[in-house]
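Okay, structure first, notes after.
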Amino acid sequence: MTIITVGPRPAGESGPDGGGDGGGGTPARERWFPLACYATGQLVLLGWWLALHPGLMSPDTVSYVRHVTTGPWTATHSVAYDALLRLSLRVTGDLSPVTLLQTTAMSAALAHLAGALRPYGPRRRWLVAAVGCAALLPPLGAFTVTMWKDVPFTICVLFAAGTAAGIAARPRAGTRHGDGTPSGATVPDGVPAPARPRPRGGGWDPAWPSWAPSSSGRACSATTASSWR
């Protein structure tokens, strides 16, 4: 007797239980999941922005404003951040657009990280709740609306962490199982079958942000998805 290895089924194909993709990893749910994460984070961070409008300030904030208005110019500041500050001051007269933009970017970074963690097993609802709780806590919420160059640096780190986590969850190219076993291969008696691959979230590509269209278009079956929920 041989054991035939089975890989992920195309989206919509029924599994052994006849449930198709079911509630574990349907493409529709996976498409709305990053948007739900982003909307949750943005809503909470928007509350921080309104409560602390135009944003928290620090001695570094005074240095940035003086740097882009009266001088002297120094080489210790981010050129891109200086440009945003100067544009905000010239157009609106205050710094609130910059802090608002920081909340938007931070929400997108959190959604990207949550989407990258999805293949590791957490339920979608818990990831959405984790994004909301993280944004609600002062270390992230108040920090995001602070006029400080370290805020965009932290946002970039979150994007990098999400991309790295997503790449680590990808099976190796040319195999279906991620362990070197080709698609449709058989396993001799006495040899355990390869472990099921973790769900890819309806074709989500970890090299791109969670809300970007995926080029793969693959989806996992209900059997595979439910085993990792």
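A note on labels: chains of the structure tokens are A, B, ... as shown, every chain counts residues from 1, and ligands are counted from 1 in their shown order.
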Restrict the calculation to only C-alpha atoms, then for each residue of stretch 137-175 of chain A with any atom at most 12 Å from an atom of stretch 70-78 of chain A give the closest atom pair and their distance in Å to one decimal, rows by chain and rising residue number, as JSON lines.
```
{"residue": "A:Trp148", "atom": "CA", "partner": "A:His77", "partner_atom": "CA", "distance": 10.2}
{"residue": "A:Lys149", "atom": "CA", "partner": "A:Ser78", "partner_atom": "CA", "distance": 7.1}
{"residue": "A:Asp150", "atom": "CA", "partner": "A:Ser78", "partner_atom": "CA", "distance": 9.7}
{"residue": "A:Val151", "atom": "CA", "partner": "A:Ser78", "partner_atom": "CA", "distance": 11.6}
{"residue": "A:Pro152", "atom": "CA", "partner": "A:Ser78", "partner_atom": "CA", "distance": 10.0}
{"residue": "A:Phe153", "atom": "CA", "partner": "A:Ser78", "partner_atom": "CA", "distance": 9.9}
```
Nearby residues (only C-alpha atoms) at most 10 Å from stretch 38-50 of chain A, same-chain spacing under 5 positions excluded, as number ranges by chain: A: 32-33, 55-56, 96, 99-100, 102-112, 114, 128-138, 140-146, 210-211
Residues within 12 Å of A:Asp94, only C-alpha atoms, excluding chain neighbours under 3 positions, as a PyMOL selection string: chain A and resi 53-55+65+84-91+97-100+147
